[in-house]
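A.B. asks: Pasting input18.pdb here (PDB, C-alpha atoms):
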ATOM      1  CA  MET A   1    -155.397  24.014 167.473
ATOM      2  CA  THR A   2    -155.596  20.393 168.656
ATOM      3  CA  ILE A   3    -154.170  17.240 167.084
ATOM      4  CA  ALA A   4    -157.681  16.426 165.855
ATOM      5  CA  ASP A   5    -157.793  19.763 164.016
ATOM      6  CA  GLN A   6    -154.487  19.019 162.282
ATOM      7  CA  ILE A   7    -155.384  15.627 160.796
ATOM      8  CA  LEU A   8    -155.155  15.549 157.001
ATOM      9  CA  TYR A   9    -155.319  11.775 156.492
ATOM     10  CA  GLU A  10    -155.838   8.742 158.697
ATOM     11  CA  ASP A  11    -156.394   5.008 158.355
ATOM     12  CA  ASN A  12    -155.447   1.966 160.434
ATOM     13  CA  HIS A  13    -151.792   2.258 159.418
ATOM     14  CA  LEU A  14    -150.922   5.945 158.884
ATOM     15  CA  LEU A  15    -151.694   9.366 160.302
ATOM     16  CA  ALA A  16    -150.780  12.593 158.490
ATOM     17  CA  LEU A  17    -150.969  15.984 160.182
ATOM     18  CA  ASN A  18    -150.644  19.590 159.087
ATOM     19  CA  LYS A  19    -147.733  20.587 161.335
ATOM     20  CA  ARG A  20    -147.715  24.105 162.732
ATOM     21  CA  ALA A  21    -144.484  26.089 162.589
ATOM     22  CA  GLY A  22    -142.887  25.749 166.023
ATOM     23  CA  GLN A  23    -143.996  22.177 166.691
ATOM     24  CA  ILE A  24    -141.256  19.540 166.901
ATOM     25  CA  VAL A  25    -141.868  16.186 165.231
ATOM     26  CA  GLN A  26    -139.700  14.097 167.554
ATOM     27  CA  GLY A  27    -138.280  14.775 171.019
ATOM     28  CA  ASP A  28    -134.993  16.670 171.174
ATOM     29  CA  LYS A  29    -132.631  18.259 173.682
ATOM     30  CA  THR A  30    -135.092  21.099 174.376
ATOM     31  CA  GLY A  31    -137.334  18.678 176.238
ATOM     32  CA  ASP A  32    -140.404  20.313 174.667
ATOM     33  CA  VAL A  33    -143.445  18.157 174.015
ATOM     34  CA  CYS A  34    -143.191  16.657 170.530
ATOM     35  CA  MET A  35    -145.862  15.711 168.014
ATOM     36  CA  ALA A  36    -145.210  11.982 168.398
ATOM     37  CA  ASP A  37    -146.036  12.182 172.112
ATOM     38  CA  GLU A  38    -149.065  14.387 171.470
ATOM     39  CA  ILE A  39    -150.360  11.854 168.950
ATOM     40  CA  LYS A  40    -149.928   8.945 171.367
ATOM     41  CA  ALA A  41    -151.915  10.785 174.045
ATOM     42  CA  PHE A  42    -154.589  11.785 171.531
ATOM     43  CA  LEU A  43    -155.061   8.258 170.126
ATOM     44  CA  LYS A  44    -155.058   6.719 173.599
ATOM     45  CA  GLU A  45    -157.881   9.007 174.713
ATOM     46  CA  ARG A  46    -159.899   9.072 171.490
ATOM     47  CA  ASP A  47    -159.774   5.327 170.871
ATOM     48  CA  GLY A  48    -159.883   4.258 174.523
ATOM     49  CA  LYS A  49    -156.676   2.239 174.276
ATOM     50  CA  PRO A  50    -155.700   0.703 177.639
ATOM     51  CA  GLY A  51    -152.013   0.060 176.904
ATOM     52  CA  ASN A  52    -149.184   1.853 175.147
ATOM     53  CA  VAL A  53    -149.930   3.460 171.804
ATOM     54  CA  PHE A  54    -147.492   3.095 168.889
ATOM     55  CA  CYS A  55    -146.519   6.172 166.878
ATOM     56  CA  GLY A  56    -143.536   5.883 164.535
ATOM     57  CA  VAL A  57    -141.811   8.901 162.989
ATOM     58  CA  VAL A  58    -141.522   8.356 159.226
ATOM     59  CA  HIS A  59    -139.742  11.639 158.406
ATOM     60  CA  ARG A  60    -139.107  15.018 160.015
ATOM     61  CA  LEU A  61    -139.642  18.684 159.341
ATOM     62  CA  ASP A  62    -137.500  21.434 160.838
ATOM     63  CA  ARG A  63    -139.159  23.126 163.801
ATOM     64  CA  PRO A  64    -139.876  26.474 162.038
ATOM     65  CA  VAL A  65    -141.337  24.676 158.971
ATOM     66  CA  SER A  66    -145.045  23.890 158.535
ATOM     67  CA  GLY A  67    -147.004  21.364 156.495
ATOM     68  CA  VAL A  68    -147.639  17.674 155.879
ATOM     69  CA  VAL A  69    -145.859  15.188 158.123
ATOM     70  CA  VAL A  70    -146.656  11.450 158.240
ATOM     71  CA  PHE A  71    -146.553   9.089 161.209
ATOM     72  CA  ALA A  72    -146.983   5.310 161.294
ATOM     73  CA  LYS A  73    -149.560   3.760 163.624
ATOM     74  CA  THR A  74    -148.033   0.266 163.447
ATOM     75  CA  SER A  75    -144.471  -1.062 163.399
ATOM     76  CA  LYS A  76    -145.228  -2.848 160.118
ATOM     77  CA  ALA A  77    -146.275   0.401 158.462
ATOM     78  CA  LEU A  78    -143.214   2.198 159.871
ATOM     79  CA  SER A  79    -140.818  -0.413 158.486
ATOM     80  CA  ARG A  80    -142.371  -0.248 155.020
ATOM     81  CA  MET A  81    -142.528   3.547 154.999
ATOM     82  CA  ASN A  82    -138.857   3.704 156.011
ATOM     83  CA  GLU A  83    -138.050   1.569 152.971
ATOM     84  CA  LEU A  84    -139.993   3.951 150.730
ATOM     85  CA  VAL A  85    -138.049   6.904 152.098
ATOM     86  CA  LYS A  86    -134.714   5.103 151.615
ATOM     87  CA  SER A  87    -135.558   4.120 148.039
ATOM     88  CA  ARG A  88    -136.792   7.676 147.329
ATOM     89  CA  ASP A  89    -140.286   6.453 146.455
ATOM     90  CA  PHE A  90    -141.592   9.130 148.800
ATOM     91  CA  ARG A  91    -142.187  12.279 146.779
ATOM     92  CA  LYS A  92    -141.940  15.531 148.750
ATOM     93  CA  THR A  93    -143.066  18.880 147.360
ATOM     94  CA  TYR A  94    -142.612  22.136 149.266
ATOM     95  CA  LEU A  95    -143.639  25.749 148.862
ATOM     96  CA  ALA A  96    -141.126  28.458 149.732
ATOM     97  CA  VAL A  97    -141.422  32.245 149.858
ATOM     98  CA  VAL A  98    -138.258  34.154 148.948
ATOM     99  CA  LYS A  99    -137.644  37.874 148.429
ATOM    100  CA  ASN A 100    -135.156  37.669 145.574
ATOM    101  CA  ALA A 101    -136.102  36.241 142.199
ATOM    102  CA  PRO A 102    -134.282  32.989 141.353
ATOM    103  CA  PRO A 103    -131.800  33.176 138.459
ATOM    104  CA  THR A 104    -134.238  31.330 136.163
ATOM    105  CA  PRO A 105    -138.007  30.701 136.481
ATOM    106  CA  ALA A 106    -137.323  26.980 136.843
ATOM    107  CA  GLY A 107    -134.152  25.072 137.557
ATOM    108  CA  HIS A 108    -132.334  22.089 138.965
ATOM    109  CA  LEU A 109    -129.918  22.498 141.877
ATOM    110  CA  GLU A 110    -127.216  19.913 142.477
ATOM    111  CA  ASP A 111    -124.763  20.620 145.303
ATOM    112  CA  LEU A 112    -122.528  18.974 147.855
ATOM    113  CA  LEU A 113    -123.569  19.804 151.405
ATOM    114  CA  VAL A 114    -121.646  19.480 154.647
ATOM    115  CA  ARG A 115    -123.285  19.745 158.048
ATOM    116  CA  ASN A 116    -121.824  21.679 160.956
ATOM    117  CA  GLU A 117    -123.273  20.017 164.050
ATOM    118  CA  LYS A 118    -122.100  22.776 166.398
ATOM    119  CA  LEU A 119    -123.835  25.503 164.403
ATOM    120  CA  ASN A 120    -126.737  23.236 163.399
ATOM    121  CA  LYS A 121    -126.283  24.485 159.861
ATOM    122  CA  SER A 122    -125.395  23.095 156.439
ATOM    123  CA  PHE A 123    -123.036  24.623 153.894
ATOM    124  CA  VAL A 124    -122.397  24.093 150.179
ATOM    125  CA  THR A 125    -118.874  22.879 149.439
ATOM    126  CA  ALA A 126    -116.943  22.449 146.196
ATOM    127  CA  ASP A 127    -114.591  19.924 147.810
ATOM    128  CA  ALA A 128    -115.815  16.543 146.575
ATOM    129  CA  SER A 129    -113.025  14.792 148.481
ATOM    130  CA  ARG A 130    -114.552  15.647 151.848
ATOM    131  CA  PRO A 131    -115.847  12.440 153.433
ATOM    132  CA  ASP A 132    -118.740  14.324 155.043
ATOM    133  CA  ALA A 133    -119.916  15.927 151.771
ATOM    134  CA  LYS A 134    -123.307  14.616 150.650
ATOM    135  CA  ARG A 135    -125.036  15.132 147.312
ATOM    136  CA  ALA A 136    -128.149  17.308 147.475
ATOM    137  CA  SER A 137    -130.581  17.530 144.583
ATOM    138  CA  LEU A 138    -133.813  19.467 144.032
ATOM    139  CA  ASP A 139    -135.923  21.120 141.358
ATOM    140  CA  TYR A 140    -137.635  24.470 141.804
ATOM    141  CA  ARG A 141    -140.271  26.361 139.852
ATOM    142  CA  LEU A 142    -141.475  29.953 140.202
ATOM    143  CA  LEU A 143    -145.243  29.969 140.724
ATOM    144  CA  ALA A 144    -146.122  33.560 141.544
ATOM    145  CA  VAL A 145    -145.035  36.996 142.741
ATOM    146  CA  SER A 146    -146.923  38.765 145.540
ATOM    147  CA  ASN A 147    -147.995  42.394 145.601
ATOM    148  CA  GLY A 148    -145.149  42.960 148.045
ATOM    149  CA  GLY A 149    -142.572  41.563 145.646
ATOM    150  CA  TYR A 150    -142.064  38.152 147.274
ATOM    151  CA  HIS A 151    -141.613  35.107 145.053
ATOM    152  CA  LEU A 152    -143.458  31.828 145.609
ATOM    153  CA  LEU A 153    -141.447  28.760 144.633
ATOM    154  CA  GLU A 154    -142.475  25.143 144.334
ATOM    155  CA  VAL A 155    -139.619  22.827 145.323
ATOM    156  CA  GLU A 156    -139.407  19.109 144.710
ATOM    157  CA  LEU A 157    -136.805  17.280 146.781
ATOM    158  CA  HIS A 158    -134.832  14.386 145.330
ATOM    159  CA  THR A 159    -132.624  13.890 148.402
ATOM    160  CA  GLY A 160    -133.251  14.516 152.080
ATOM    161  CA  ARG A 161    -130.272  16.375 153.511
ATOM    162  CA  HIS A 162    -130.122  18.503 156.641
ATOM    163  CA  HIS A 163    -131.667  21.946 155.957
ATOM    164  CA  GLN A 164    -131.372  21.128 152.250
ATOM    165  CA  ILE A 165    -133.937  23.522 150.768
ATOM    166  CA  ARG A 166    -132.916  26.324 153.106
ATOM    167  CA  CYS A 167    -129.228  25.904 152.277
ATOM    168  CA  GLN A 168    -129.523  25.408 148.519
ATOM    169  CA  LEU A 169    -131.927  28.311 147.969
ATOM    170  CA  ALA A 170    -129.722  30.596 150.059
ATOM    171  CA  HIS A 171    -126.743  29.524 147.940
ATOM    172  CA  ILE A 172    -128.415  30.927 144.794
ATOM    173  CA  GLY A 173    -129.234  34.188 146.589
ATOM    174  CA  CYS A 174    -132.788  33.263 147.586
ATOM    175  CA  PRO A 175    -132.918  32.678 151.352
ATOM    176  CA  VAL A 176    -136.338  31.640 152.616
ATOM    177  CA  LYS A 177    -138.335  34.507 154.117
ATOM    178  CA  GLY A 178    -137.750  34.702 157.886
ATOM    179  CA  ASP A 179    -134.773  32.310 157.837
ATOM    180  CA  LEU A 180    -132.121  34.336 159.672
ATOM    181  CA  LYS A 181    -129.820  31.306 159.895
ATOM    182  CA  TYR A 182    -129.453  31.258 156.111
ATOM    183  CA  GLY A 183    -129.324  34.961 155.361
ATOM    184  CA  ALA A 184    -132.859  36.372 155.461
ATOM    185  CA  PRO A 185    -132.668  40.034 156.563
ATOM    186  CA  ARG A 186    -135.423  39.777 159.193
ATOM    187  CA  SER A 187    -137.398  37.157 161.076
ATOM    188  CA  ASN A 188    -141.098  36.400 160.733
ATOM    189  CA  PRO A 189    -143.157  37.737 163.675
ATOM    190  CA  ASP A 190    -144.148  34.224 164.823
ATOM    191  CA  GLY A 191    -140.634  32.786 164.576
ATOM    192  CA  SER A 192    -141.518  30.617 161.578
ATOM    193  CA  ILE A 193    -139.769  30.510 158.237
ATOM    194  CA  SER A 194    -141.816  30.644 155.034
ATOM    195  CA  LEU A 195    -141.233  27.035 154.027
ATOM    196  CA  HIS A 196    -144.178  24.639 153.863
ATOM    197  CA  SER A 197    -144.404  20.897 153.209
ATOM    198  CA  TYR A 198    -147.189  21.128 150.661
ATOM    199  CA  ARG A 199    -147.598  17.645 149.218
ATOM    200  CA  LEU A 200    -146.480  14.069 149.925
ATOM    201  CA  SER A 201    -147.037  11.256 147.420
ATOM    202  CA  PHE A 202    -146.237   7.594 148.004
ATOM    203  CA  GLU A 203    -147.531   4.040 147.693
ATOM    204  CA  HIS A 204    -149.541   2.950 150.705
ATOM    205  CA  PRO A 205    -147.400   0.514 152.737
ATOM    206  CA  VAL A 206    -150.196  -2.050 153.166
ATOM    207  CA  ARG A 207    -152.844  -1.461 150.498
ATOM    208  CA  HIS A 208    -150.269  -0.557 147.808
ATOM    209  CA  GLU A 209    -152.476   2.214 146.452
ATOM    210  CA  ALA A 210    -151.219   5.639 145.401
ATOM    211  CA  VAL A 211    -151.640   8.195 148.203
ATOM    212  CA  THR A 212    -151.275  11.969 147.872
ATOM    213  CA  ILE A 213    -151.702  14.238 150.898
ATOM    214  CA  GLU A 214    -151.728  18.028 150.712
ATOM    215  CA  ALA A 215    -151.691  20.814 153.295
ATOM    216  CA  PRO A 216    -153.137  24.161 152.110
ATOM    217  CA  MET A 217    -150.730  27.018 151.539
ATOM    218  CA  PRO A 218    -150.613  29.095 154.751
ATOM    219  CA  TRP A 219    -149.673  32.528 153.387
ATOM    220  CA  THR A 220    -153.006  33.696 152.002
ATOM    221  CA  GLU A 221    -152.440  37.193 153.412
ATOM    222  CA  MET A 222    -149.532  37.703 150.997
ATOM    223  CA  ASN A 223    -151.938  38.006 148.064
ATOM    224  CA  PHE A 224    -150.538  35.281 145.840
ATOM    225  CA  ASP A 225    -153.846  35.488 143.997
ATOM    226  CA  GLN A 226    -152.494  36.068 140.498
ATOM    227  CA  ILE A 227    -150.473  32.912 140.147
ATOM    228  CA  SER A 228    -148.716  32.525 136.805
ATOM    229  CA  HIS A 229    -147.531  28.975 136.214
ATOM    230  CA  ASN A 230    -144.421  28.370 134.149
ATOM    231  CA  ASN A 231    -144.321  25.303 131.968
TER     232      ASN A 231
END
Can I see the file as structure tokens?
C.D. replies:
Amino acid sequence: MTIADQILYEDNHLLALNKRAGQIVQGDKTGDVCMADEIKAFLKERDGKPGNVFCGVVHRLDRPVSGVVVFAKTSKALSRMNELVKSRDFRKTYLAVVKNAPPTPAGHLEDLLVRNEKLNKSFVTADASRPDAKRASLDYRLLAVSNGGYHLLEVELHTGRHHQIRCQLAHIGCPVKGDLKYGAPRSNPDGSISLHSYRLSFEHPVRHEAVTIEAPMPWTEMNFDQISHNN
């Protein structure tokens, strides 16, 4: 699959892609080619740009996570999108597959998270006096149960902490399918975890129009065909 195949939305200011599990959004210590660099090369070739191409990272997704990710094509758009993210006017909705049923069909999770840099992992703490403890908030809703007994959750993030969904769901006994780091019993064959950035909603940084971008759910083989929504 090429960058062109992954495009969900594009205009003169923004580019949104359907990230594959395993791709990295921004360069890291692995030295692997990142999406930002792939996009620069793609735009340079497609649009015949003679000089350097700008591609700003608006937000990130963990490497094993799939779904919508937005990049800025101009520094002006990047600056304005960064402000939207900071002010939380950047609505992020995820889909997660978990084996265990959540304690209630819908709920709000509010925790304090601390990040262990060495382990590259976050933990829930009850110690509010810790200077490194950060508030993490999300809502979840049970959408469906597969024939194999897996539960499909919709998760709306209200904060953007390190591994937040993975950590908070694991804390209530619902680790994401394939997420060995947070307690899943086995990995997914492709090394992914079953967490997908499904929808992003925000105000366009230049045109000031409402924008909603969605990436289709990837787990069609799990037979989530009898979806029962909970109000």
A.B. asks: Counting all atoms listed in the file, what is within 8 Å of Asp139 in chain A, bar same-chain residues fewer than 2 positions away, as a list in words?
C.D. replies: Ala106, Gly107, His108, Leu109, Ser137, Arg141, Val155, Glu156, Leu157 and His158 of chain A
A.B. asks: Name all residues at most 8 Å from Met81 in chain A (count all atoms listed in the file; drop same-chain ones fewer than 6 positions away) and give them as a list in words.
C.D. replies: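 Selected residues are Val58, Ala72 and Pro205 of chain A.
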A.B. asks: Given the selection you just returned, output its residues as a file containing C-alpha atoms, formatted as an mmCIF file, in the frame of the given file.
C.D. replies:
data_model
loop_
_atom_site.group_PDB
_atom_site.id
_atom_site.type_symbol
_atom_site.label_atom_id
_atom_site.label_comp_id
_atom_site.auth_asym_id
_atom_site.auth_seq_id
_atom_site.Cartn_x
_atom_site.Cartn_y
_atom_site.Cartn_z
ATOM 1 C CA VAL A 58 -141.522 8.356 159.226
ATOM 2 C CA ALA A 72 -146.983 5.310 161.294
ATOM 3 C CA PRO A 205 -147.400 0.514 152.737
#
A.B. asks: Which residues are near Ser194 in chain A? Cut-off 9 Å, all atoms listed in the file, ignore same chain within fewer than 2 positions. Put them as JSON, numbers by chain.
C.D. replies: {"A": [64, 65, 66, 95, 96, 97, 98, 176, 177, 178, 179, 188, 192, 196, 218, 219]}
A.B. asks: Can you measure CA of Glu83 in chain A to CA of Glu203 in chain A for me? One decimal in Å is fine.
C.D. replies: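 Separating CA of Glu83 in chain A from CA of Glu203 in chain A is a distance of 11.1 Å.
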A.B. asks: Using only C-alpha atoms, which of A:His208, A:Lys40, A:Arg135, A:Arg166 sits nearest Val57 in chain A?
C.D. replies: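 Going through A:His208, A:Lys40, A:Arg135, A:Arg166 one by one, the smallest distance to Val57 in chain A is for A:Lys40.
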A.B. asks: Please list as a list of chain:residue names every residue within 12 Å of Glu38 in chain A, counting only C-alpha atoms and excluding residues in the same chain fewer than 5 positions away.
C.D. replies: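 The contact residues come out as A:Thr2, A:Ile3, A:Ala4, A:Gln6, A:Leu17, A:Lys19, A:Gln23, A:Ile24, A:Val25, A:Gln26, A:Gly27, A:Asp32, A:Val33, A:Leu43, A:Lys44, A:Glu45, A:Val53, A:Phe54, A:Cys55, A:Phe71.
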A.B. asks: What is the CA of Asp37 in chain A to CA of Lys76 in chain A distance in Å?
C.D. replies: 19.2 Å
A.B. asks: Using the chain letters and numbers from the file, give me the residues hit by the PyMOL selection byres ((chain A and resi 85) around 12), as a PyMOL selection string.
C.D. replies: chain A and resi 57-60+70+78-84+86-92+157-160+200-203+205
A.B. asks: Can you pull out every residue within 8 Å of Asn100 in chain A, counting only C-alpha atoms, but drop anything in the same chain fewer than 4 positions away, and send it as a VMD selection string?
C.D. replies: chain A and resid 150 to 151 173 to 175
A.B. asks: Step by step: locate range 55-166 of chain A in the block above, keep C-alpha atoms, then write the file as a compact mmCIF listing (two decimals), in the first residue's frame.
C.D. replies:
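Done, and the output landed in result35.txt:
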# COMPACT_ATOMS: atom_id res chain seq x y z
CA CYS A 55 5.16 18.16 6.41
CA GLY A 56 4.30 18.95 10.03
CA VAL A 57 3.26 16.29 12.54
CA VAL A 58 0.03 17.40 14.24
CA HIS A 59 -0.36 14.38 16.54
CA ARG A 60 0.96 10.83 16.84
CA LEU A 61 -0.29 7.28 17.02
CA ASP A 62 1.63 4.45 18.67
CA ARG A 63 3.43 2.26 16.16
CA PRO A 64 1.15 -0.82 16.57
CA VAL A 65 -2.01 1.34 16.27
CA SER A 66 -3.83 1.99 12.98
CA GLY A 67 -6.19 4.69 11.74
CA VAL A 68 -6.58 8.39 11.01
CA VAL A 69 -3.53 10.60 11.47
CA VAL A 70 -3.32 14.23 10.29
CA PHE A 71 -0.32 16.13 8.95
CA ALA A 72 0.02 19.82 8.12
CA LYS A 73 1.25 20.87 4.67
CA THR A 74 2.12 24.43 5.76
CA SER A 75 3.69 25.93 8.88
CA LYS A 76 0.62 28.14 9.31
CA ALA A 77 -1.68 25.13 9.36
CA LEU A 78 0.64 23.30 11.78
CA SER A 79 0.67 26.21 14.24
CA ARG A 80 -3.13 26.48 14.22
CA MET A 81 -3.65 22.73 14.49
CA ASN A 82 -1.25 22.61 17.45
CA GLU A 83 -3.42 25.22 19.17
CA LEU A 84 -6.52 23.10 18.55
CA VAL A 85 -4.83 20.08 20.09
CA LYS A 86 -3.69 22.10 23.13
CA SER A 87 -7.16 23.56 23.68
CA ARG A 88 -8.72 20.09 23.22
CA ASP A 89 -10.80 21.25 20.25
CA PHE A 90 -9.52 18.19 18.42
CA ARG A 91 -11.96 15.36 19.02
CA LYS A 92 -10.45 11.86 18.81
CA THR A 93 -12.56 8.71 18.70
CA TYR A 94 -11.02 5.23 18.70
CA LEU A 95 -12.23 1.67 18.31
CA ALA A 96 -10.72 -1.01 20.55
CA VAL A 97 -11.17 -4.78 20.63
CA VAL A 98 -10.92 -6.37 24.08
CA LYS A 99 -11.56 -9.93 25.25
CA ASN A 100 -13.11 -9.18 28.63
CA ALA A 101 -16.38 -7.31 28.96
CA PRO A 102 -16.02 -3.88 30.61
CA PRO A 103 -17.65 -3.51 34.04
CA THR A 104 -20.51 -1.46 32.54
CA PRO A 105 -21.69 -1.08 28.91
CA ALA A 106 -20.66 2.57 28.99
CA GLY A 107 -18.49 4.51 31.39
CA HIS A 108 -16.13 7.34 32.16
CA LEU A 109 -12.55 6.62 33.25
CA GLU A 110 -10.60 9.23 35.19
CA ASP A 111 -7.12 8.23 36.37
CA LEU A 112 -3.71 9.59 37.22
CA LEU A 113 -1.02 8.19 34.94
CA VAL A 114 2.74 8.12 35.37
CA ARG A 115 5.12 7.27 32.55
CA ASN A 116 8.12 5.00 32.93
CA GLU A 117 10.52 6.10 30.19
CA LYS A 118 12.81 3.09 30.62
CA LEU A 119 9.98 0.60 30.13
CA ASN A 120 8.14 2.84 27.65
CA LYS A 121 4.98 2.16 29.60
CA SER A 122 2.41 4.09 31.63
CA PHE A 123 0.90 3.08 34.95
CA VAL A 124 -2.14 4.19 36.96
CA THR A 125 -1.23 5.68 40.33
CA ALA A 126 -3.32 6.69 43.34
CA ASP A 127 -0.60 9.06 44.56
CA ALA A 128 -1.83 12.52 43.58
CA SER A 129 1.24 14.11 45.17
CA ARG A 130 3.56 12.69 42.53
CA PRO A 131 4.83 15.55 40.38
CA ASP A 132 4.89 13.30 37.30
CA ALA A 133 1.26 12.15 37.71
CA LYS A 134 -0.99 13.43 34.92
CA ARG A 135 -4.78 13.33 34.73
CA ALA A 136 -6.16 11.00 32.07
CA SER A 137 -9.80 11.09 31.03
CA LEU A 138 -11.84 9.10 28.51
CA ASP A 139 -15.32 7.76 27.83
CA TYR A 140 -16.01 4.29 26.46
CA ARG A 141 -19.07 2.58 25.04
CA LEU A 142 -19.66 -1.08 24.19
CA LEU A 143 -20.73 -1.36 20.55
CA ALA A 144 -20.77 -5.08 19.81
CA VAL A 145 -19.64 -8.59 20.69
CA SER A 146 -18.08 -10.86 18.04
CA ASN A 147 -18.89 -14.50 17.43
CA GLY A 148 -15.57 -15.28 19.11
CA GLY A 149 -16.53 -13.41 22.27
CA TYR A 150 -14.45 -10.26 21.71
CA HIS A 151 -15.93 -6.90 22.68
CA LEU A 152 -15.80 -3.84 20.43
CA LEU A 153 -15.50 -0.56 22.32
CA GLU A 154 -15.78 3.00 21.11
CA VAL A 155 -13.44 5.29 23.07
CA GLU A 156 -13.48 9.06 23.11
CA LEU A 157 -10.33 10.69 24.46
CA HIS A 158 -10.50 13.87 26.52
CA THR A 159 -6.76 14.01 27.26
CA GLY A 160 -3.76 12.81 25.29
CA ARG A 161 -1.46 10.91 27.63
CA HIS A 162 1.19 8.35 26.75
CA HIS A 163 -0.46 4.98 25.98
CA GLN A 164 -3.60 6.35 27.64
CA ILE A 165 -6.27 4.08 26.15
CA ARG A 166 -4.06 1.02 26.45
